[in-house]
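Engineer: You'll find final.txt just under this line, and it carries compact mmCIF, C-alpha atoms.
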# COMPACT_ATOMS: atom_id res chain seq x y z
CA MET A 5 91.37 75.76 91.92
CA LYS A 6 92.45 76.52 95.52
CA LYS A 7 94.93 73.62 95.50
CA ILE A 8 96.36 74.79 92.17
CA ILE A 9 96.87 78.32 93.55
CA LEU A 10 98.65 77.01 96.65
CA LEU A 11 100.85 74.66 94.64
CA TRP A 12 101.84 77.53 92.35
CA ILE A 13 102.60 79.77 95.31
CA SER A 14 104.75 77.06 96.85
CA ALA A 15 106.60 76.48 93.57
CA CYS A 16 107.33 80.19 93.23
CA MET A 17 108.78 80.39 96.72
CA ILE A 18 110.45 76.99 97.04
CA GLY A 19 113.74 77.12 98.85
CA THR A 20 112.95 80.42 100.57
CA LEU A 21 110.87 79.35 103.51
CA THR A 22 113.64 78.52 105.97
CA ALA A 23 115.88 81.43 105.06
CA GLN A 24 117.06 83.74 107.82
CA SER A 25 117.00 87.50 107.34
CA THR A 26 119.19 89.93 109.24
CA LEU A 27 119.19 93.66 109.80
CA PRO A 28 122.68 94.31 111.19
CA ALA A 29 123.25 96.81 113.96
CA VAL A 30 125.90 99.37 113.00
CA ALA A 31 127.49 102.50 114.36
CA PRO A 32 124.96 105.29 113.62
CA GLU A 33 127.62 107.42 111.91
CA SER A 34 128.17 104.72 109.27
CA ALA A 35 124.51 105.11 108.23
CA GLY A 36 124.39 108.89 108.32
CA PHE A 37 123.16 109.41 111.89
CA SER A 38 124.71 111.11 114.88
CA SER A 39 124.99 108.72 117.82
CA THR A 40 125.09 111.68 120.22
CA ARG A 41 121.87 113.14 118.85
CA LEU A 42 120.16 109.73 118.83
CA GLU A 43 120.63 109.65 122.61
CA ARG A 44 117.81 112.20 122.74
CA ILE A 45 115.40 109.31 122.10
CA ASN A 46 116.27 107.80 125.49
CA LYS A 47 115.93 111.18 127.14
CA LEU A 48 112.51 111.79 125.57
CA ILE A 49 111.17 108.40 126.65
CA GLN A 50 112.60 108.81 130.13
CA GLU A 51 110.85 112.16 130.55
CA TYR A 52 107.51 110.47 129.93
CA ILE A 53 108.43 107.65 132.33
CA ASP A 54 109.42 110.14 135.03
CA SER A 55 106.09 111.93 134.54
CA ASN A 56 104.28 108.61 135.15
CA TRP A 57 102.65 108.82 131.73
CA ILE A 58 104.24 105.58 130.48
CA GLU A 59 106.20 102.76 132.12
CA GLY A 60 108.49 102.10 129.17
CA ALA A 61 108.86 102.01 125.40
CA ILE A 62 110.76 100.16 122.68
CA ALA A 63 112.08 102.01 119.64
CA LEU A 64 113.88 100.83 116.53
CA VAL A 65 115.35 102.90 113.70
CA ALA A 66 117.08 101.47 110.63
CA ARG A 67 118.52 103.20 107.61
CA ASP A 68 119.30 101.45 104.34
CA GLY A 69 118.87 98.07 106.00
CA LYS A 70 121.11 98.81 109.00
CA ILE A 71 119.85 99.31 112.56
CA VAL A 72 121.17 102.51 114.11
CA TYR A 73 118.97 102.46 117.21
CA HIS A 74 117.15 99.64 118.98
CA GLU A 75 116.50 100.11 122.68
CA ALA A 76 113.99 99.24 125.38
CA VAL A 77 113.72 101.98 127.99
CA GLY A 78 111.96 101.65 131.33
CA TYR A 79 109.72 98.93 132.70
CA ASP A 80 107.44 96.29 131.31
CA ASN A 81 105.78 95.88 134.73
CA LYS A 82 107.08 98.35 137.28
CA ALA A 83 104.98 96.93 140.13
CA ALA A 84 106.68 93.57 139.62
CA GLY A 85 110.11 95.14 139.07
CA LYS A 86 110.28 93.74 135.53
CA LYS A 87 112.39 95.74 133.09
CA LEU A 88 111.27 96.09 129.47
CA GLN A 89 113.31 93.98 127.02
CA LYS A 90 114.01 94.65 123.33
CA ASP A 91 112.62 91.24 122.38
CA ALA A 92 109.32 91.73 124.21
CA ILE A 93 106.39 90.37 122.20
CA TRP A 94 103.69 92.99 121.90
CA ARG A 95 100.18 93.31 120.54
CA ILE A 96 100.62 95.03 117.17
CA ALA A 97 96.83 95.46 116.74
CA SER A 98 96.14 97.44 113.53
CA GLN A 99 99.71 97.05 112.34
CA THR A 100 98.35 93.64 111.34
CA LYS A 101 96.48 95.42 108.55
CA ALA A 102 99.65 96.06 106.54
CA ILE A 103 100.48 92.34 106.59
CA THR A 104 96.96 91.33 105.50
CA SER A 105 97.09 93.92 102.72
CA VAL A 106 100.36 92.41 101.44
CA ALA A 107 98.72 88.97 101.46
CA ILE A 108 95.88 90.31 99.29
CA MET A 109 98.40 91.84 96.87
CA GLN A 110 100.22 88.49 96.64
CA LEU A 111 96.98 86.84 95.55
CA TYR A 112 96.36 89.71 93.12
CA GLU A 113 99.78 89.14 91.57
CA ARG A 114 98.99 85.46 91.07
CA GLY A 115 95.76 86.16 89.23
CA ALA A 116 93.65 84.73 92.03
CA LEU A 117 91.63 87.96 92.37
CA LEU A 118 91.30 91.49 91.02
CA LEU A 119 91.24 94.64 93.13
CA ASP A 120 87.95 95.78 91.63
CA ASP A 121 86.21 92.43 92.09
CA ALA A 122 83.00 92.56 94.10
CA ILE A 123 83.69 90.87 97.43
CA SER A 124 80.47 88.89 97.03
CA LYS A 125 82.38 86.83 94.45
CA TYR A 126 84.30 85.38 97.41
CA ILE A 127 81.79 85.92 100.24
CA PRO A 128 78.29 85.61 98.73
CA ALA A 129 76.66 86.93 101.93
CA PHE A 130 77.82 90.43 100.90
CA LYS A 131 75.64 90.36 97.77
CA LYS A 132 73.23 93.32 97.50
CA PRO A 133 74.50 95.40 100.45
CA LEU A 134 72.27 97.88 102.28
CA VAL A 135 73.12 101.37 103.56
CA LEU A 136 71.93 102.79 106.88
CA GLN A 137 69.21 105.42 106.41
CA SER A 138 67.99 106.07 109.97
CA PHE A 139 68.78 104.75 113.46
CA ASN A 140 66.63 104.73 116.60
CA LYS A 141 68.93 104.93 119.60
CA ALA A 142 66.15 103.95 122.01
CA ASP A 143 65.67 100.44 120.64
CA THR A 144 68.61 100.16 118.16
CA SER A 145 66.22 99.65 115.25
CA TYR A 146 67.12 101.11 111.87
CA THR A 147 66.02 101.55 108.29
CA THR A 148 68.09 101.03 105.16
CA VAL A 149 68.27 101.77 101.46
CA PRO A 150 69.95 99.63 98.78
CA ALA A 151 73.59 100.40 98.06
CA ASN A 152 74.34 101.96 94.67
CA ARG A 153 76.84 99.21 93.95
CA GLU A 154 78.61 96.29 95.57
CA ILE A 155 81.68 96.54 97.78
CA THR A 156 85.00 95.81 96.04
CA ILE A 157 88.33 94.58 97.33
CA ARG A 158 89.75 98.04 96.58
CA ASP A 159 87.05 99.56 98.80
CA LEU A 160 88.22 97.35 101.64
CA LEU A 161 91.91 98.16 101.12
CA THR A 162 91.14 101.91 101.15
CA HIS A 163 88.54 101.84 103.96
CA THR A 164 85.90 103.34 101.68
CA SER A 165 83.43 100.42 101.80
CA GLY A 166 81.15 101.95 104.43
CA ILE A 167 81.90 99.17 106.95
CA GLY A 168 82.46 100.62 110.43
CA TYR A 169 84.30 99.37 113.50
CA ALA A 170 82.77 97.25 116.24
CA GLN A 171 83.41 98.20 119.88
CA ILE A 172 85.71 101.15 119.12
CA GLY A 173 83.70 102.75 116.30
CA SER A 174 80.83 105.24 116.24
CA GLU A 175 78.11 105.01 118.88
CA THR A 176 75.57 103.99 116.23
CA MET A 177 77.65 101.21 114.69
CA ASN A 178 78.82 100.00 118.11
CA ALA A 179 75.17 99.46 118.99
CA ILE A 180 74.20 97.81 115.69
CA TYR A 181 77.22 95.51 115.69
CA ALA A 182 76.90 94.59 119.38
CA LYS A 183 73.26 93.58 118.94
CA ALA A 184 74.27 91.27 116.07
CA GLY A 185 77.28 89.84 117.93
CA VAL A 186 79.90 91.43 115.68
CA VAL A 187 83.19 92.09 117.49
CA GLY A 188 86.33 94.10 116.81
CA GLY A 189 88.46 90.99 116.46
CA ILE A 190 91.01 91.21 119.29
CA GLY A 191 90.95 90.58 123.02
CA LEU A 192 88.78 87.51 122.49
CA GLN A 193 88.69 84.04 123.94
CA GLY A 194 87.44 81.67 121.26
CA GLY A 195 85.37 82.28 118.16
CA LEU A 196 86.14 82.28 114.45
CA GLN A 197 86.85 85.11 112.04
CA ARG A 198 84.56 83.46 109.48
CA ASP A 199 81.52 83.64 111.76
CA ASN A 200 82.20 87.28 112.66
CA ILE A 201 82.47 88.29 108.99
CA LEU A 202 79.29 86.46 108.00
CA ARG A 203 77.39 88.26 110.79
CA LEU A 204 78.85 91.55 109.56
CA ALA A 205 77.71 90.85 105.99
CA SER A 206 74.05 91.04 106.97
CA LEU A 207 74.34 94.51 108.54
CA PRO A 208 74.01 97.96 106.93
CA LEU A 209 76.90 100.08 105.70
CA MET A 210 77.49 103.53 107.15
CA HIS A 211 77.48 105.10 103.68
CA GLN A 212 77.53 104.20 100.00
CA PRO A 213 80.55 102.13 98.89
CA GLY A 214 83.39 104.35 97.68
CA GLU A 215 81.78 107.52 99.02
CA LYS A 216 84.31 108.39 101.71
CA PHE A 217 87.02 107.11 104.04
CA THR A 218 85.64 105.35 107.12
CA TYR A 219 88.04 103.32 109.23
CA GLY A 220 86.46 99.97 110.01
CA LEU A 221 86.54 96.19 109.88
CA ASN A 222 87.53 96.25 106.22
CA THR A 223 90.83 94.43 106.71
CA ASP A 224 89.16 91.74 108.81
CA VAL A 225 87.00 91.03 105.75
CA LEU A 226 90.16 90.95 103.62
CA GLY A 227 91.64 88.40 106.01
CA TYR A 228 88.69 86.12 105.45
CA ILE A 229 88.99 86.62 101.67
CA VAL A 230 92.61 85.43 101.93
CA GLU A 231 91.33 82.27 103.59
CA VAL A 232 88.59 81.71 100.98
CA VAL A 233 90.87 82.27 97.98
CA SER A 234 93.93 80.40 99.30
CA GLY A 235 92.01 77.55 100.89
CA THR A 236 94.04 77.79 104.10
CA SER A 237 93.76 79.59 107.44
CA LEU A 238 95.08 83.14 107.68
CA ASP A 239 97.49 81.95 110.35
CA ALA A 240 98.96 79.28 108.04
CA TYR A 241 99.03 81.61 105.03
CA PHE A 242 100.95 84.34 106.87
CA LYS A 243 103.44 81.83 108.23
CA GLN A 244 104.17 80.19 104.88
CA PHE A 245 104.20 83.15 102.53
CA ILE A 246 105.28 86.13 104.66
CA PHE A 247 106.77 85.23 108.03
CA GLU A 248 109.02 82.32 107.08
CA PRO A 249 110.41 83.91 103.89
CA LEU A 250 111.29 87.06 105.87
CA GLY A 251 112.69 85.21 108.88
CA MET A 252 109.98 86.61 111.19
CA LYS A 253 110.34 84.13 114.04
CA ASP A 254 108.35 85.97 116.72
CA THR A 255 105.15 86.99 114.91
CA TYR A 256 101.97 85.06 115.68
CA PHE A 257 98.26 85.23 116.32
CA TYR A 258 98.81 83.10 119.44
CA ILE A 259 102.19 82.84 121.15
CA PRO A 260 103.73 79.36 121.63
CA PRO A 261 103.97 78.32 125.31
CA SER A 262 107.77 78.59 125.29
CA LYS A 263 107.55 82.32 124.47
CA GLN A 264 104.48 83.38 126.43
CA HIS A 265 106.57 84.86 129.23
CA ARG A 266 107.72 87.51 126.74
CA LEU A 267 104.24 88.99 126.21
CA ALA A 268 104.44 92.65 127.20
CA MET A 269 102.21 94.01 129.94
CA LEU A 270 99.28 96.10 128.73
CA HIS A 271 98.82 99.45 130.44
CA LYS A 272 96.21 102.21 130.49
CA SER A 273 95.97 105.86 131.45
CA ASP A 274 93.91 106.36 134.61
CA LYS A 275 91.57 109.28 135.31
CA ASN A 276 94.59 111.43 136.22
CA ASN A 277 96.41 110.47 133.00
CA ARG A 278 98.89 108.37 134.97
CA VAL A 279 99.94 104.94 133.72
CA VAL A 280 98.69 101.80 135.49
CA ASN A 281 98.59 98.11 134.56
CA CYS A 282 95.41 96.97 132.84
CA PRO A 283 93.42 94.32 134.72
CA GLU A 284 93.16 90.86 133.19
CA GLU A 285 89.63 91.63 131.97
CA ILE A 286 88.92 94.98 130.34
CA PHE A 287 85.61 96.33 129.09
CA VAL A 288 85.73 98.14 125.75
CA ASN A 289 82.06 98.01 124.75
CA GLY A 290 82.32 94.33 125.53
CA LYS A 291 84.72 92.06 127.39
CA PHE A 292 88.39 92.24 126.38
CA TYR A 293 91.01 89.85 127.73
CA ARG A 294 94.39 91.48 128.31
CA ASP A 295 96.52 88.40 127.68
CA TYR A 296 94.52 86.97 124.76
CA PRO A 297 97.69 86.20 122.70
CA ASN A 298 98.73 83.62 125.34
CA GLN A 299 95.74 81.36 124.69
CA SER A 300 96.77 77.84 123.82
CA GLY A 301 94.88 76.79 120.72
CA GLY A 302 93.38 80.23 120.03
CA THR A 303 91.11 80.20 116.99
CA PHE A 304 90.19 83.80 116.07
CA HIS A 305 92.51 85.13 113.35
CA SER A 306 91.75 88.83 112.93
CA GLY A 307 93.28 90.20 109.73
CA GLY A 308 92.64 93.69 111.05
CA GLY A 309 94.34 93.47 114.41
CA GLY A 310 95.12 90.04 115.80
CA LEU A 311 98.89 89.64 115.49
CA VAL A 312 101.70 90.02 117.99
CA SER A 313 105.33 90.63 117.06
CA THR A 314 108.64 92.13 118.17
CA ALA A 315 110.15 95.42 117.06
CA TYR A 316 112.85 93.53 115.16
CA ASP A 317 110.43 91.12 113.46
CA TYR A 318 108.21 93.95 112.27
CA ALA A 319 111.29 95.84 111.08
CA LEU A 320 112.05 92.91 108.75
CA PHE A 321 108.59 93.33 107.24
CA MET A 322 109.06 97.10 106.90
CA GLN A 323 112.47 96.72 105.32
CA MET A 324 111.00 94.35 102.75
CA LEU A 325 108.48 97.04 101.81
CA LEU A 326 111.19 99.69 101.60
CA ASN A 327 113.21 97.39 99.33
CA GLY A 328 110.37 97.16 96.81
CA GLY A 329 108.99 93.88 98.12
CA GLN A 330 112.16 91.86 98.66
CA LEU A 331 114.56 91.11 101.48
CA ASN A 332 117.80 89.13 101.21
CA GLY A 333 116.85 87.94 97.75
CA LYS A 334 113.33 86.77 98.73
CA GLN A 335 110.70 88.57 96.61
CA VAL A 336 107.63 88.52 98.85
CA VAL A 337 105.57 90.97 96.80
CA SER A 338 106.35 92.87 93.61
CA ARG A 339 107.78 96.35 93.28
CA ASN A 340 104.73 97.34 91.26
CA SER A 341 102.39 96.20 94.03
CA ILE A 342 104.30 98.36 96.51
CA ARG A 343 103.85 101.28 94.11
CA LEU A 344 100.08 100.73 94.10
CA MET A 345 99.94 100.33 97.86
CA THR A 346 101.78 103.59 98.48
CA THR A 347 99.94 105.73 95.91
CA ASN A 348 96.96 107.89 96.87
CA GLN A 349 93.86 105.81 96.18
CA LEU A 350 91.38 108.26 97.71
CA GLY A 351 91.55 110.94 95.05
CA ASP A 352 89.94 114.05 96.52
CA LYS A 353 88.31 112.18 99.40
CA SER A 354 89.52 113.31 102.83
CA MET A 355 90.90 111.36 105.75
CA GLY A 356 90.42 114.44 107.88
CA ARG A 357 94.01 115.52 107.21
CA ALA A 358 96.17 116.44 104.23
CA SER A 359 97.64 112.95 103.93
CA LYS A 360 95.91 110.26 101.89
CA PHE A 361 95.47 106.51 101.95
CA GLY A 362 96.87 103.93 99.57
CA LEU A 363 96.11 100.21 99.69
CA GLY A 364 96.68 99.55 103.38
CA PHE A 365 98.80 102.58 104.34
CA GLN A 366 98.51 106.26 105.11
CA VAL A 367 100.63 108.14 102.55
CA ILE A 368 102.28 111.55 102.95
CA THR A 369 101.32 113.72 99.99
CA PRO A 370 103.15 116.85 98.78
CA ALA A 371 100.55 119.00 100.56
CA ASP A 372 101.05 117.07 103.81
CA ALA A 373 104.86 116.99 103.60
CA ALA A 374 105.03 120.73 104.31
CA PHE A 375 103.61 120.04 107.78
CA ASN A 376 105.43 116.77 108.52
CA THR A 377 108.84 115.77 109.78
CA VAL A 378 108.85 112.73 107.50
CA SER A 379 109.43 112.97 103.76
CA GLU A 380 106.87 113.10 100.98
CA GLY A 381 105.96 109.55 100.02
CA THR A 382 106.41 108.16 103.53
CA PHE A 383 103.83 105.48 104.32
CA SER A 384 102.74 104.42 107.77
CA TRP A 385 100.13 103.26 110.25
CA GLY A 386 99.86 102.27 113.89
CA GLY A 387 98.01 100.14 116.40
CA MET A 388 95.30 100.52 119.03
CA PHE A 389 97.77 100.13 121.88
CA ALA A 390 99.74 103.26 120.91
CA SER A 391 102.31 101.65 118.62
CA SER A 392 103.27 103.35 115.36
CA PHE A 393 105.60 102.82 112.41
CA TRP A 394 106.70 104.60 109.28
CA ILE A 395 108.71 103.85 106.13
CA ASP A 396 110.47 106.76 104.41
CA PRO A 397 111.66 105.82 100.90
CA LYS A 398 113.50 109.12 100.38
CA GLU A 399 115.68 108.83 103.47
CA LYS A 400 115.60 105.00 103.37
CA ILE A 401 114.39 104.89 106.98
CA VAL A 402 112.14 102.38 108.71
CA ALA A 403 111.13 103.15 112.28
CA GLN A 404 108.99 101.48 114.92
CA PHE A 405 107.81 102.98 118.22
CA VAL A 406 106.24 100.55 120.67
CA LEU A 407 103.94 101.28 123.56
CA GLN A 408 101.35 98.93 125.06
CA GLN A 409 98.78 101.30 126.46
CA TYR A 410 95.03 101.83 125.95
CA PRO A 411 93.63 104.32 126.44
CA PHE A 412 96.70 106.54 126.02
CA THR A 413 96.35 110.25 126.65
CA HIS A 414 99.75 111.44 125.44
CA GLY A 415 99.67 110.62 121.74
CA GLU A 416 102.00 113.51 120.99
CA LEU A 417 104.89 111.26 122.08
CA ALA A 418 104.86 109.41 118.74
CA GLU A 419 105.24 112.69 116.84
CA LYS A 420 108.03 113.79 119.16
CA PHE A 421 109.79 110.51 118.46
CA LYS A 422 109.72 111.27 114.73
CA SER A 423 111.20 114.70 115.30
CA VAL A 424 113.99 113.31 117.46
CA VAL A 425 114.85 110.66 114.85
CA TYR A 426 115.13 113.14 111.98
CA GLN A 427 117.14 115.70 113.94
CA ALA A 428 119.81 113.02 114.32
CA LEU A 429 120.38 112.74 110.57
CA ARG A 430 123.78 114.12 109.58
Here is the file; what I need is its structure written in the form of structure tokens.

Structural biologist:
Amino acid sequence: MKKIILLWISACMIGTLTAQSTLPAVAPESAGFSSTRLERINKLIQEYIDSNWIEGAIALVARDGKIVYHEAVGYDNKAAGKKLQKDAIWRIASQTKAITSVAIMQLYERGALLLDDAISKYIPAFKKPLVLQSFNKADTSYTTVPANREITIRDLLTHTSGIGYAQIGSETMNAIYAKAGVVGGIGLQGGLQRDNILRLASLPLMHQPGEKFTYGLNTDVLGYIVEVVSGTSLDAYFKQFIFEPLGMKDTYFYIPPSKQHRLAMLHKSDKNNRVVNCPEEIFVNGKFYRDYPNQSGGTFHSGGGGLVSTAYDYALFMQMLLNGGQLNGKQVVSRNSIRLMTTNQLGDKSMGRASKFGLGFQVITPADAAFNTVSEGTFSWGGMFASSFWIDPKEKIVAQFVLQQYPFTHGELAEKFKSVVYQALR
């Protein structure tokens, strides 16, 4: 069955895999922007550099498939005198989730799975899940009750399964996951996604499936489901069915040796909120290796956070989504799937804000639009290292803001970037 699915996928996409995609750079005025007002982006970034809050940033803005702004401002490594370049390869972290979600929707379109399938159909270890009832902090013991129902693929896509995050999640789940050897999926040297997910399957959920939104390792589980259903590694699947059709030439789990010099430096905010370089080994409830994407022969493919990319490469992916699933004549995912992915799937459940969540994206609702610079219907997400993106179907804008900093104590910068982009519209 797996071979049949892969052969069908290949037949559907034959002749598209070596195609090159291009987002041309144009004069901002030709795409409805003021070049003078776009200069405020540089000024904003420079103010944060001068305050020693960041060393540099990359930003890209495109409208209707045309790039009106793409700049790298400041330093990649100030101590070494290395300027930041537009083609720097950076750790996209949770921006990986959007790509994994598209892969799941591709398999859904091909009849390989259904969104309301129990995930135990593909990973039997998740059969008969348990829900945390009580936790003893002193010895990390706990009690459980049976879940009311099984976890579905839709639960994973909407982060309503009850699965938490390892290392960066709640104190309780950090402890439970650490004791079992479950990790967050990035910053690793060695290991396999499969083993991590199977360890996770034996552990309790934070709440009943479908009960509420809880950000967690849901998309890592989806990444393993892609592997099970397709019969290939997540790395190979992404390359064949997303990256190559879109012309994404700089997006990887592990960077080839010839490009490893382009990996951006990772920074952090010190105790005085000033930016400094991260050391090679970082401790985030466990050991974290700063330059993990430069491992030769790396094996851990985290569907929730493992990829690296460039601002331009990720813009190709965003433009495809804005175009209803196609770019330069290559239909990567259907228009109807994009509709599902960008429609509120939470109902009345809260994310802790007025916006809602679709299948892999935060979505700006009418209630949220009144308080947002971006338009109603805009969908977005970001990454652990202070990167963020959004796609605005009304204004036909895709935008990417890149920092490489964790922890980062000036998160308001991303919102200021949005404001400066929209004030430049003519």

Engineer: Find the spatial neighbours of stretch 97-109 of chain A, counting all atoms listed in the file, within a cut-off of 8 Å - ignore same-chain residues fewer than 6 positions away - and output them as a VMD selection string.

Structural biologist: chain A and resid 161 190 223 226 to 227 230 242 246 307 to 312 337 341 363 to 365 385 to 389 392

Engineer: So, with only C-alpha atoms as the atoms that count, which of A:Ser306, A:Thr347, A:Gln323, A:Ser300 lies closest to A:Leu27?

Structural biologist: A:Gln323

Engineer: Which value, in Å to one decimal, gives the distance between atom CA of A:Leu42 and atom CA of A:Leu407?

Structural biologist: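 Going from atom CA of A:Leu42 over to atom CA of A:Leu407 covers 18.9 Å.
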
Engineer: Find the residues near A:Lys70: any atom within 12 Å, counting only C-alpha atoms, skip ones fewer than 2 places away on the same chain, and give them as a PyMOL selection string.

Structural biologist: chain A and resi 26-37+64-68+72-74+316+319-320+323+400-403

Engineer: Once 5 Å is added on each side, what centre and edge lengths in Å to one decimal does the axis-aligned box around all listed atoms of stretch 342-348 of chain A have, as JSON?

Structural biologist:
{"center_x": 100.6, "center_y": 103.1, "center_z": 96.3, "size_x": 17.3, "size_y": 19.5, "size_z": 14.4}

Engineer: So that I can see what lies close to stretch 353-355 of chain A, please list as a PyMOL selection string the residues with an atom at most 7 Å from it, counting all atoms listed in the file and leaving out residues fewer than 4 positions away in the same chain.

Structural biologist: chain A and resi 216-217+360

Engineer: Hey, which of A:Ser174, A:Ala84, A:Lys398, A:Lys275 ends up closest to A:Asn327? Count all atoms listed in the file.

Structural biologist: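 For A:Asn327, the nearest of the candidates is A:Lys398.
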
Engineer: One decimal, Å: what's the distance from atom CA of A:Ser145 over to atom CA of A:Ala205, could you say?

Structural biologist: 17.2 Å
